[in-house]
Amino acid sequence: MSADGTHPRADLEADDFQAARGKVGMWLFICTEVLLFGGLFLLYSVYRFKHHVDFHAGSMDLSRVAGTLNTIVLITSSLTAALAVHSLREGSIVQAKRFVAATILFGLTFLTVKGFEWGTKFEHGLYPNSPVLLGMPKGQILFFGLYFTMTGLHALHVIVGMSIFGYTLRHLGSTVTAAKPVLLENVTLFWHLVDVIWIFLFPLFYLIS
Amino acid sequence: MSETLSRGFDDGGPFFAAKMKYPGLWGWLTSTNHKRIGMLYLVLIGTFFSVAVVIGVLMRIALLSPGMHFVSAQVYNSLFTLHGIIMIFLVVIPVVPTIFGNFALPMLIGANDMAFPRLNLFTWYLFLAGAVLAFVSVFTNGGAPDTGWTFYVPFSLKTTVNVPLATFAVFVLGMSSILTGINIVTTVHQLRAPGMTFFKMPLSVWGLYSTAWVQILATPIIGITMLLILVERIFGVGVFDPTKGGDPLLYQHLFWIYSHPAVYIMILPAMGVMSDLFPVFSHKNVFGYKMIAFSSLAIASVGSLVWGHHMYVSGQSDTAGIIFSLLTFLVAVPSAIKVFNWLATMYKGSISVEPPFLFALTFVFLFTIGGLSGLFIGALAVDVQLHDTYFIVGHFHYIIFGGTGFGTFAALHYWFPKMTGRMPAKRPAILGWFISFVGFNLFYFPFFIMGWMGMPRRYADYLPKFTGLQRFSSVGAYIMVTGIVIIIGNLLWSRRKGQLAPPNPWGGATLEWSLPSPAPLENWEEPPEVTRGPYEFGKREEGR
């Protein structure tokens with residue numbers, strides 16, 4: 001992370017040492033993200049256990065097509081992110097830039113699909129605290145409450161990931177190079193995490209019926 | 001911002017006088033140097049501590065006699081909420097990891113700085129932002145929170161005061177705490193000096209390291225819990241609202257899944273500092289190094305599984321209660337190991353009674369009382385009687401103030417020469433210690449008795465039969481605060497007028513004492529080669 005050029009310790013100056021430090025930090029941060037979502041998954045499991053019939057009914061109302069499409073989009077974006085890291089390590093900045101741009105575009109696609117999905121729900125009067133939702137069984141209120149909260153928090157992570165990818169794109173070739181790939185590597189790690197969380201969210205909300 | 005900010009210094013000057021890229025205050029606010037950040041934290045936390053002490057005194061004035069004379073019930077509710085929020089989130093959780101984890105940790109392991117210096121400075125700004133948000137929440141949008149620091153639903157969802165901003169402040173403070181934890185774990189893993197194996201680390205580093213893991217793994221849970229309160233208040237999702245199918249008990253689970261481990265964030269690093277102080281002031285190798293190190297990890301791990309003991313009477317199942325009670329008794333074992341090892345360290349030692357050691361002894365005495373009272377309330381049947389009474393308040397003040405508070409005073413006096421280059425004046429320090437120690441016990445011991453008699457916590461008023469004990473306790477509080485004022489006043493005076501300190505005034509064998517007092521901006525030109533343990537006093541070079 002730091003670039004202490006005047007550091008007296010030779011072993012600290014080595015780029016791979018810096019990178020190792022950055023990686024350790026990133027993995028620890030990923031632990032915290034897993035636990036952040038862990039709290040929500042805990043709520044999900046308790047409420048699904050209590051209201052499993054309602055949860056199945058709620059799941060029927062979600063669009064499996066949109067969910068599947070988004071899963072494919074996000075997994076592909078993880079591939080392009082990994083390819084960007086690979087290209088950078090190989091020394092091809094241009095290639096890396098293309099893959100990062102592709103990742104951002106896939107992220108945008110994901111958010112668009114998500115937006116349409118949420119939009120349709122809103123049109124049907126389904127949003128937190130809406131009269132339509134409050135008229136439904138309690139289990140369904142919870143199902144949709146958790147659906148909006150968890151996919152919403154996940155979407156926030158997608159936006160954060162895309163922003164950091166955008167920042168990385170600007171610095172690819174200048175401060176982010178084959179010798180110093182740690183920023184791209186770390187944001188890719190984060191992106192994979194966002195992807196993995198979605199891989200849990202998708203079956204838990206779309207595929208339980 | 002570049003790393004060179006903290007590097008462009010005159011060699012040999014103390015860290016606080018070294019020439020920075022920017023002069024004066026701005027030089028402090030932009031420095032990524034670990035010692036400067038430690039001092040920045042010290043200033044903020046010291047200020048918050050003083051504010052919360054004043055709030056505490058206001059409560060003790062209100063409780064001087066039965067009836068409502070001094071403040072209304074609503075104001076009293078806000079007072080104990082603010083006292084709790086400030087003390088817990090702005091003082092006790094960050095105090096040791098941020099002040100001493102920053103100031104001392106790199107020196108203790110022979111590093112020149114933390115692993116992520118810029119991130120380190122960023123945590124301070126996050127901390128400041130969280131604190132500002134918390135203070136703004138007091139004066140805006142309905143007024144000061146009145147929920148207690150626990151923000152229990154359904155009340156926190158219904159009350160008209162400014163809960164959303166306060167919970168968001170806690171979320172931001174949590175972020176700061178997580179990043180500090182990540183920094184400490186990475187530093188300990190990556191930046192130890194050559195020869196500094198894990199089992200040659202000072203035990204204070206083990207304490208900070210175990211704590212950092214708890215900060216990383218537990219804090220996200222309070223993050224999401226506070227976010228859920230926000231989401232509930234803004235969107236009315238209903239995950240904790242029974243009318244929408246939610247379960248308020250789940251809030252308590254989520255809250256304590258973090259907040260019980262947070263208790264260990266508060267006490268573990270102070271315990272680590274104690275493990276450093278006992279050998280130094282007994283001039284003897286620590287008794288059972290590995291057991292103390294592992295007991296820190298044991299407390300950190302078992303302590304994560306005992307949260308249900310806050311909820312014995314909240315309607316969780318009896319099976320859960322029995323399991324949580326068993327685990328609670330279990331977590332007392334590693335704490336007891338530490339206490340016995342500290343005492344065994346003193347056995348046949350050559351003890352020098354300096355101010356830091358008096359505070360350390362006080363830590364052990366008060367922590368033991370607090371810990372044993374914890375076994376009372378960890379027992380299922382007894383807790384039915386004692387839950388939500390003054391007994392609980394007495395218990396955690398003995399642990400948190402008696403332990404972490406006095407532990408922090410010990411650490412402050414111990415590292416004061418490294419921070420300022422001067423010795424804390426001995427006589428006033430001992431006077432302040434004595435007054436605050438006596439006052440503390442007069443203040444909090446009656447809480448156990450009142451709790452046993454059924455005095456509920458968080459009440460603005462009380463039955464006439466408690467008048468004597470409440471008044472006694474209030475007088476104790478005033479005595480204790482007098483002592484604290486003397487302690488802090490003495491430190492402020494000694495900072496400028498104290499005797500000049502030699503590099504190693506206490507005769508410590510850990511690495512920071514091989515540096516000059518006050519510490520230079522850059523710790524080592526060449527990384528120190530570590531060949532001996534942190535408490536092998538026989539082989540140390542005479543530095544006094």
# chains A, B, ... in the order shown; residues from 1 in each chain; ligands from 1
>>> residues_around(residues="Met107 (chain B)", least_positions_apart="4", cutoff="9 Å", atoms="only C-alpha atoms", output="list in words")
Phe103, Ala111, Asn112, Asp113, Thr510, Leu511, Glu512, Trp513, Leu515, Asn523 and Trp524 of chain B
>>> write_last_selection(atoms="N, CA and C atoms", output="mmCIF file, in the first residue's frame")
data_model
loop_
_atom_site.group_PDB
_atom_site.id
_atom_site.type_symbol
_atom_site.label_atom_id
_atom_site.label_comp_id
_atom_site.auth_asym_id
_atom_site.auth_seq_id
_atom_site.Cartn_x
_atom_site.Cartn_y
_atom_site.Cartn_z
ATOM 1 N N PHE B 103 0.829 3.849 19.135
ATOM 2 C CA PHE B 103 2.068 4.449 19.648
ATOM 3 C C PHE B 103 3.128 3.387 19.921
ATOM 4 N N ALA B 111 9.378 -2.596 14.502
ATOM 5 C CA ALA B 111 9.046 -2.088 13.170
ATOM 6 C C ALA B 111 9.153 -0.570 13.169
ATOM 7 N N ASN B 112 9.151 0.016 11.977
ATOM 8 C CA ASN B 112 9.234 1.467 11.904
ATOM 9 C C ASN B 112 7.881 2.141 11.826
ATOM 10 N N ASP B 113 6.862 1.387 11.439
ATOM 11 C CA ASP B 113 5.522 1.965 11.396
ATOM 12 C C ASP B 113 4.525 0.823 11.287
ATOM 13 N N THR B 510 11.821 -4.856 26.751
ATOM 14 C CA THR B 510 11.240 -4.870 25.410
ATOM 15 C C THR B 510 11.895 -3.778 24.560
ATOM 16 N N LEU B 511 11.676 -3.882 23.250
ATOM 17 C CA LEU B 511 12.483 -3.097 22.316
ATOM 18 C C LEU B 511 12.316 -1.586 22.439
ATOM 19 N N GLU B 512 11.102 -1.124 22.826
ATOM 20 C CA GLU B 512 10.900 0.331 22.820
ATOM 21 C C GLU B 512 11.841 1.033 23.782
ATOM 22 N N TRP B 513 12.315 0.315 24.823
ATOM 23 C CA TRP B 513 13.187 0.945 25.816
ATOM 24 C C TRP B 513 14.624 1.051 25.319
ATOM 25 N N LEU B 515 15.170 2.560 22.600
ATOM 26 C CA LEU B 515 15.134 3.832 21.874
ATOM 27 C C LEU B 515 15.280 4.979 22.867
ATOM 28 N N ASN B 523 11.857 4.987 14.047
ATOM 29 C CA ASN B 523 12.310 4.200 15.189
ATOM 30 C C ASN B 523 13.739 3.698 15.048
ATOM 31 N N TRP B 524 13.991 2.983 13.949
ATOM 32 C CA TRP B 524 15.304 2.367 13.825
ATOM 33 C C TRP B 524 15.913 2.668 12.466
#
>>> interface_residues(of="chain B", to="chain A", cutoff="9 Å", atoms="only C-alpha atoms", output="ChimeraX atom specification")
/B:2-4,7,112,115-119,178-179,182-183,185-187,189-191,216-225,228,231,235-239,242-247,250,254,524-527
>>> write_last_selection(atoms="N, CA and C atoms", output="compact mmCIF listing (two decimals), in the first residue's frame")
# COMPACT_ATOMS: atom_id res chain seq x y z
N SER B 2 1.47 11.72 0.21
CA SER B 2 2.46 10.68 -0.06
C SER B 2 3.09 10.26 1.25
N GLU B 3 3.75 9.12 1.18
CA GLU B 3 4.37 8.57 2.38
C GLU B 3 5.50 9.45 2.87
N THR B 4 6.02 10.31 1.99
CA THR B 4 7.17 11.09 2.39
C THR B 4 6.79 12.14 3.42
N ARG B 7 8.30 11.16 6.42
CA ARG B 7 9.70 10.73 6.30
C ARG B 7 10.66 11.91 6.23
N ASN B 112 9.15 0.02 11.98
CA ASN B 112 9.23 1.47 11.90
C ASN B 112 7.88 2.14 11.83
N ALA B 115 1.57 -1.36 9.21
CA ALA B 115 1.60 -1.89 7.85
C ALA B 115 0.97 -0.92 6.86
N PHE B 116 -0.11 -0.23 7.28
CA PHE B 116 -0.81 0.69 6.38
C PHE B 116 -0.87 2.07 7.03
N PRO B 117 0.17 2.87 6.90
CA PRO B 117 0.19 4.16 7.60
C PRO B 117 -0.92 5.11 7.16
N ARG B 118 -1.21 5.15 5.86
CA ARG B 118 -2.24 6.09 5.40
C ARG B 118 -3.62 5.65 5.88
N LEU B 119 -3.86 4.34 5.79
CA LEU B 119 -5.12 3.79 6.29
C LEU B 119 -5.27 4.12 7.77
N ILE B 178 -12.73 -1.60 12.67
CA ILE B 178 -12.37 -2.73 11.80
C ILE B 178 -11.04 -2.46 11.11
N LEU B 179 -10.89 -1.25 10.55
CA LEU B 179 -9.67 -0.94 9.81
C LEU B 179 -8.46 -0.93 10.74
N ILE B 182 -7.56 -4.58 11.18
CA ILE B 182 -6.86 -5.10 10.00
C ILE B 182 -5.42 -4.64 9.99
N ASN B 183 -5.21 -3.38 10.34
CA ASN B 183 -3.87 -2.82 10.36
C ASN B 183 -2.99 -3.54 11.40
N VAL B 185 -3.39 -6.63 12.76
CA VAL B 185 -3.10 -8.03 12.40
C VAL B 185 -2.03 -8.08 11.31
N THR B 186 -2.20 -7.24 10.28
CA THR B 186 -1.21 -7.25 9.19
C THR B 186 0.16 -6.85 9.71
N THR B 187 0.21 -5.83 10.57
CA THR B 187 1.49 -5.37 11.10
C THR B 187 2.19 -6.50 11.87
N HIS B 189 1.78 -9.67 11.60
CA HIS B 189 2.20 -10.78 10.74
C HIS B 189 3.38 -10.41 9.84
N GLN B 190 3.42 -9.14 9.41
CA GLN B 190 4.36 -8.82 8.34
C GLN B 190 5.57 -8.00 8.77
N LEU B 191 5.48 -7.30 9.88
CA LEU B 191 6.53 -6.32 10.15
C LEU B 191 7.37 -6.61 11.38
N ILE B 216 -11.97 -7.47 13.89
CA ILE B 216 -12.24 -7.78 12.49
C ILE B 216 -13.48 -8.65 12.36
N LEU B 217 -13.60 -9.66 13.23
CA LEU B 217 -14.64 -10.66 13.04
C LEU B 217 -15.97 -10.31 13.70
N ALA B 218 -15.96 -9.49 14.73
CA ALA B 218 -17.21 -9.20 15.43
C ALA B 218 -17.84 -7.88 15.01
N THR B 219 -17.01 -6.88 14.73
CA THR B 219 -17.56 -5.54 14.46
C THR B 219 -18.51 -5.49 13.27
N PRO B 220 -18.26 -6.26 12.16
CA PRO B 220 -19.22 -6.18 11.06
C PRO B 220 -20.65 -6.51 11.49
N ILE B 221 -20.79 -7.34 12.54
CA ILE B 221 -22.15 -7.71 12.96
C ILE B 221 -22.87 -6.50 13.56
N ILE B 222 -22.14 -5.68 14.35
CA ILE B 222 -22.83 -4.49 14.86
C ILE B 222 -23.07 -3.53 13.70
N GLY B 223 -22.16 -3.55 12.70
CA GLY B 223 -22.36 -2.72 11.53
C GLY B 223 -23.69 -3.02 10.88
N ILE B 224 -23.93 -4.29 10.61
CA ILE B 224 -25.17 -4.65 9.91
C ILE B 224 -26.38 -4.43 10.82
N THR B 225 -26.19 -4.64 12.13
CA THR B 225 -27.31 -4.45 13.06
C THR B 225 -27.73 -2.98 13.09
N LEU B 228 -29.48 -2.10 9.97
CA LEU B 228 -30.86 -2.60 9.97
C LEU B 228 -31.79 -1.68 10.75
N VAL B 231 -32.44 1.08 8.36
CA VAL B 231 -33.35 0.63 7.31
C VAL B 231 -34.77 0.52 7.86
N PHE B 235 -37.25 2.85 6.01
CA PHE B 235 -38.13 2.16 5.06
C PHE B 235 -39.21 1.31 5.73
N GLY B 236 -39.07 1.05 7.03
CA GLY B 236 -40.08 0.23 7.70
C GLY B 236 -40.16 -1.17 7.16
N VAL B 237 -39.00 -1.80 6.92
CA VAL B 237 -38.99 -3.14 6.33
C VAL B 237 -39.68 -4.16 7.23
N GLY B 238 -39.40 -4.10 8.52
CA GLY B 238 -40.14 -4.96 9.44
C GLY B 238 -39.42 -6.18 9.97
N VAL B 239 -38.08 -6.26 9.76
CA VAL B 239 -37.41 -7.48 10.23
C VAL B 239 -37.39 -7.61 11.75
N PRO B 242 -42.77 -7.04 15.24
CA PRO B 242 -43.67 -8.20 15.35
C PRO B 242 -44.94 -8.04 14.51
N THR B 243 -45.43 -6.81 14.31
CA THR B 243 -46.65 -6.65 13.53
C THR B 243 -46.42 -7.02 12.07
N LYS B 244 -45.14 -7.02 11.64
CA LYS B 244 -44.84 -7.41 10.27
C LYS B 244 -44.14 -8.77 10.23
N GLY B 245 -44.21 -9.51 11.33
CA GLY B 245 -43.63 -10.85 11.34
C GLY B 245 -42.23 -10.90 11.92
N GLY B 246 -41.62 -9.74 12.15
CA GLY B 246 -40.25 -9.72 12.67
C GLY B 246 -40.19 -10.14 14.13
N ASP B 247 -38.97 -10.38 14.59
CA ASP B 247 -38.78 -10.87 15.95
C ASP B 247 -37.77 -9.98 16.68
N LEU B 250 -34.41 -11.36 17.85
CA LEU B 250 -33.30 -11.51 16.92
C LEU B 250 -32.39 -10.29 16.95
N LEU B 254 -28.38 -10.43 17.42
CA LEU B 254 -27.40 -9.77 16.55
C LEU B 254 -26.56 -8.77 17.34
N TRP B 524 13.99 2.98 13.95
CA TRP B 524 15.30 2.37 13.82
C TRP B 524 15.91 2.67 12.47
N GLU B 525 17.22 2.95 12.46
CA GLU B 525 17.94 3.06 11.20
C GLU B 525 18.07 1.68 10.58
N GLU B 526 18.57 0.76 11.39
CA GLU B 526 18.71 -0.63 10.99
C GLU B 526 17.71 -1.43 11.80
N PRO B 527 17.03 -2.39 11.21
CA PRO B 527 16.08 -3.17 12.01
C PRO B 527 16.82 -3.89 13.14
>>> atom_distance(atom1="CA of Ala344 (chain B)", atom2="CA of His413 (chain B)")
23.2 Å
>>> closest_residue(among="A:Leu204, A:Ala81, A:Ser209, A:Thr109", to="Ser45 (chain A)", atoms="only C-alpha atoms")
A:Leu204
>>> select_by_dssp(residues="region 4-178 of chain A", states="alpha helix (DSSP H)", output="ChimeraX atom specification")
/A:10-13,15-50,52-60,64-90,93-123,131-134,138-171
>>> write_last_selection(atoms="C-alpha atoms", output="compact mmCIF listing (two decimals), in the first residue's frame")
# COMPACT_ATOMS: atom_id res chain seq x y z
CA ALA A 10 15.62 -3.26 2.29
CA ASP A 11 13.17 -6.13 2.63
CA LEU A 12 10.35 -3.65 3.09
CA GLU A 13 11.13 -1.94 -0.17
CA ASP A 15 7.45 -4.81 -4.25
CA ASP A 16 6.38 -8.37 -3.53
CA PHE A 17 6.58 -7.59 0.17
CA GLN A 18 4.35 -4.56 -0.31
CA ALA A 19 1.97 -6.66 -2.35
CA ALA A 20 1.89 -9.36 0.33
CA ARG A 21 0.95 -6.74 2.90
CA GLY A 22 -1.81 -5.36 0.71
CA LYS A 23 -3.14 -8.85 0.07
CA VAL A 24 -3.22 -9.74 3.77
CA GLY A 25 -5.16 -6.57 4.45
CA MET A 26 -7.60 -7.28 1.65
CA TRP A 27 -8.29 -10.84 2.80
CA LEU A 28 -8.96 -9.59 6.32
CA PHE A 29 -11.33 -7.00 4.89
CA ILE A 30 -13.11 -9.75 2.95
CA CYS A 31 -13.58 -11.61 6.25
CA THR A 32 -15.40 -8.57 7.61
CA GLU A 33 -17.60 -8.36 4.50
CA VAL A 34 -18.57 -12.01 4.83
CA LEU A 35 -19.60 -11.37 8.42
CA LEU A 36 -21.50 -8.21 7.47
CA PHE A 37 -23.66 -10.28 5.15
CA GLY A 38 -23.51 -13.13 7.67
CA GLY A 39 -25.80 -11.18 9.99
CA LEU A 40 -28.38 -10.92 7.22
CA PHE A 41 -28.06 -14.58 6.27
CA LEU A 42 -28.68 -15.39 9.94
CA LEU A 43 -31.93 -13.41 9.86
CA TYR A 44 -32.84 -15.10 6.59
CA SER A 45 -32.35 -18.62 7.96
CA VAL A 46 -34.32 -17.95 11.14
CA TYR A 47 -37.25 -16.38 9.31
CA ARG A 48 -37.28 -18.97 6.54
CA PHE A 49 -37.34 -21.70 9.19
CA LYS A 50 -40.33 -20.00 10.83
CA HIS A 52 -41.04 -21.58 5.00
CA VAL A 53 -44.39 -21.75 3.20
CA ASP A 54 -44.55 -17.97 2.83
CA PHE A 55 -40.94 -17.85 1.69
CA HIS A 56 -41.72 -20.37 -1.07
CA ALA A 57 -44.74 -18.33 -2.13
CA GLY A 58 -42.68 -15.13 -2.15
CA SER A 59 -40.00 -16.77 -4.23
CA MET A 60 -42.61 -17.61 -6.89
CA ARG A 64 -36.13 -16.40 -12.41
CA VAL A 65 -35.17 -15.23 -15.88
CA ALA A 66 -33.81 -11.96 -14.52
CA GLY A 67 -32.07 -13.75 -11.66
CA THR A 68 -30.43 -16.31 -13.95
CA LEU A 69 -29.40 -13.64 -16.42
CA ASN A 70 -27.79 -11.61 -13.65
CA THR A 71 -25.98 -14.67 -12.33
CA ILE A 72 -24.49 -15.32 -15.77
CA VAL A 73 -23.57 -11.64 -16.15
CA LEU A 74 -21.85 -11.50 -12.78
CA ILE A 75 -19.93 -14.76 -13.21
CA THR A 76 -18.74 -13.58 -16.63
CA SER A 77 -17.63 -10.30 -15.08
CA SER A 78 -15.56 -12.24 -12.56
CA LEU A 79 -13.93 -14.01 -15.49
CA THR A 80 -13.08 -10.72 -17.24
CA ALA A 81 -11.72 -9.32 -13.96
CA ALA A 82 -9.49 -12.37 -13.53
CA LEU A 83 -8.37 -12.04 -17.16
CA ALA A 84 -7.50 -8.40 -16.51
CA VAL A 85 -5.20 -9.44 -13.67
CA HIS A 86 -3.70 -12.13 -15.90
CA SER A 87 -3.10 -9.64 -18.73
CA LEU A 88 -1.49 -7.16 -16.37
CA ARG A 89 0.87 -9.80 -15.01
CA GLU A 90 1.75 -10.73 -18.59
CA ILE A 93 -1.65 -2.94 -20.25
CA VAL A 94 -4.01 -2.43 -23.21
CA GLN A 95 -5.49 -5.89 -22.82
CA ALA A 96 -5.88 -5.35 -19.08
CA LYS A 97 -7.67 -2.05 -19.69
CA ARG A 98 -10.10 -3.74 -22.06
CA PHE A 99 -10.93 -6.44 -19.56
CA VAL A 100 -11.42 -3.95 -16.74
CA ALA A 101 -13.73 -1.91 -18.95
CA ALA A 102 -15.65 -5.09 -19.81
CA THR A 103 -15.99 -5.87 -16.10
CA ILE A 104 -17.43 -2.43 -15.43
CA LEU A 105 -19.87 -2.86 -18.32
CA PHE A 106 -21.02 -6.23 -16.96
CA GLY A 107 -21.49 -4.60 -13.58
CA LEU A 108 -23.62 -1.93 -15.24
CA THR A 109 -25.66 -4.62 -17.00
CA PHE A 110 -26.23 -6.34 -13.68
CA LEU A 111 -27.48 -3.11 -12.11
CA THR A 112 -29.74 -2.39 -15.09
CA VAL A 113 -31.39 -5.80 -14.91
CA LYS A 114 -31.69 -5.37 -11.15
CA GLY A 115 -33.24 -1.94 -11.67
CA PHE A 116 -35.88 -3.31 -14.04
CA GLU A 117 -36.57 -6.13 -11.61
CA TRP A 118 -37.06 -3.77 -8.67
CA GLY A 119 -39.06 -1.43 -10.92
CA THR A 120 -41.54 -4.16 -11.79
CA LYS A 121 -41.96 -4.98 -8.13
CA PHE A 122 -42.59 -1.30 -7.33
CA GLU A 123 -45.18 -1.14 -10.14
CA PRO A 131 -50.03 -1.26 1.58
CA VAL A 132 -49.96 -4.21 -0.83
CA LEU A 133 -47.07 -5.83 1.03
CA LEU A 134 -48.59 -5.21 4.47
CA LYS A 138 -46.15 -12.04 7.63
CA GLY A 139 -43.70 -14.49 6.14
CA GLN A 140 -44.00 -12.77 2.77
CA ILE A 141 -43.51 -9.33 4.31
CA LEU A 142 -40.26 -10.66 5.77
CA PHE A 143 -39.30 -12.40 2.53
CA PHE A 144 -39.61 -9.22 0.49
CA GLY A 145 -38.11 -7.11 3.28
CA LEU A 146 -35.03 -9.31 3.28
CA TYR A 147 -35.04 -9.48 -0.52
CA PHE A 148 -34.86 -5.70 -0.85
CA THR A 149 -32.40 -5.29 2.03
CA MET A 150 -29.99 -8.02 0.97
CA THR A 151 -30.02 -7.44 -2.79
CA GLY A 152 -29.90 -3.69 -2.07
CA LEU A 153 -26.81 -4.00 0.08
CA HIS A 154 -25.33 -6.30 -2.55
CA ALA A 155 -26.07 -3.73 -5.28
CA LEU A 156 -24.27 -1.10 -3.18
CA HIS A 157 -21.25 -3.39 -3.16
CA VAL A 158 -21.49 -3.76 -6.95
CA ILE A 159 -21.46 0.04 -7.26
CA VAL A 160 -18.46 0.36 -4.92
CA GLY A 161 -16.62 -2.37 -6.83
CA MET A 162 -17.33 -0.66 -10.17
CA SER A 163 -16.10 2.67 -8.82
CA ILE A 164 -12.82 1.17 -7.68
CA PHE A 165 -12.48 -0.57 -11.05
CA GLY A 166 -13.01 2.83 -12.67
CA TYR A 167 -10.30 4.34 -10.45
CA THR A 168 -7.98 1.44 -11.32
CA LEU A 169 -8.67 1.90 -15.01
CA ARG A 170 -7.45 5.49 -14.82
CA HIS A 171 -4.23 4.43 -13.15
>>> atom_distance(atom1="CA of Tyr444 (chain B)", atom2="CA of Met68 (chain B)")
22.2 Å
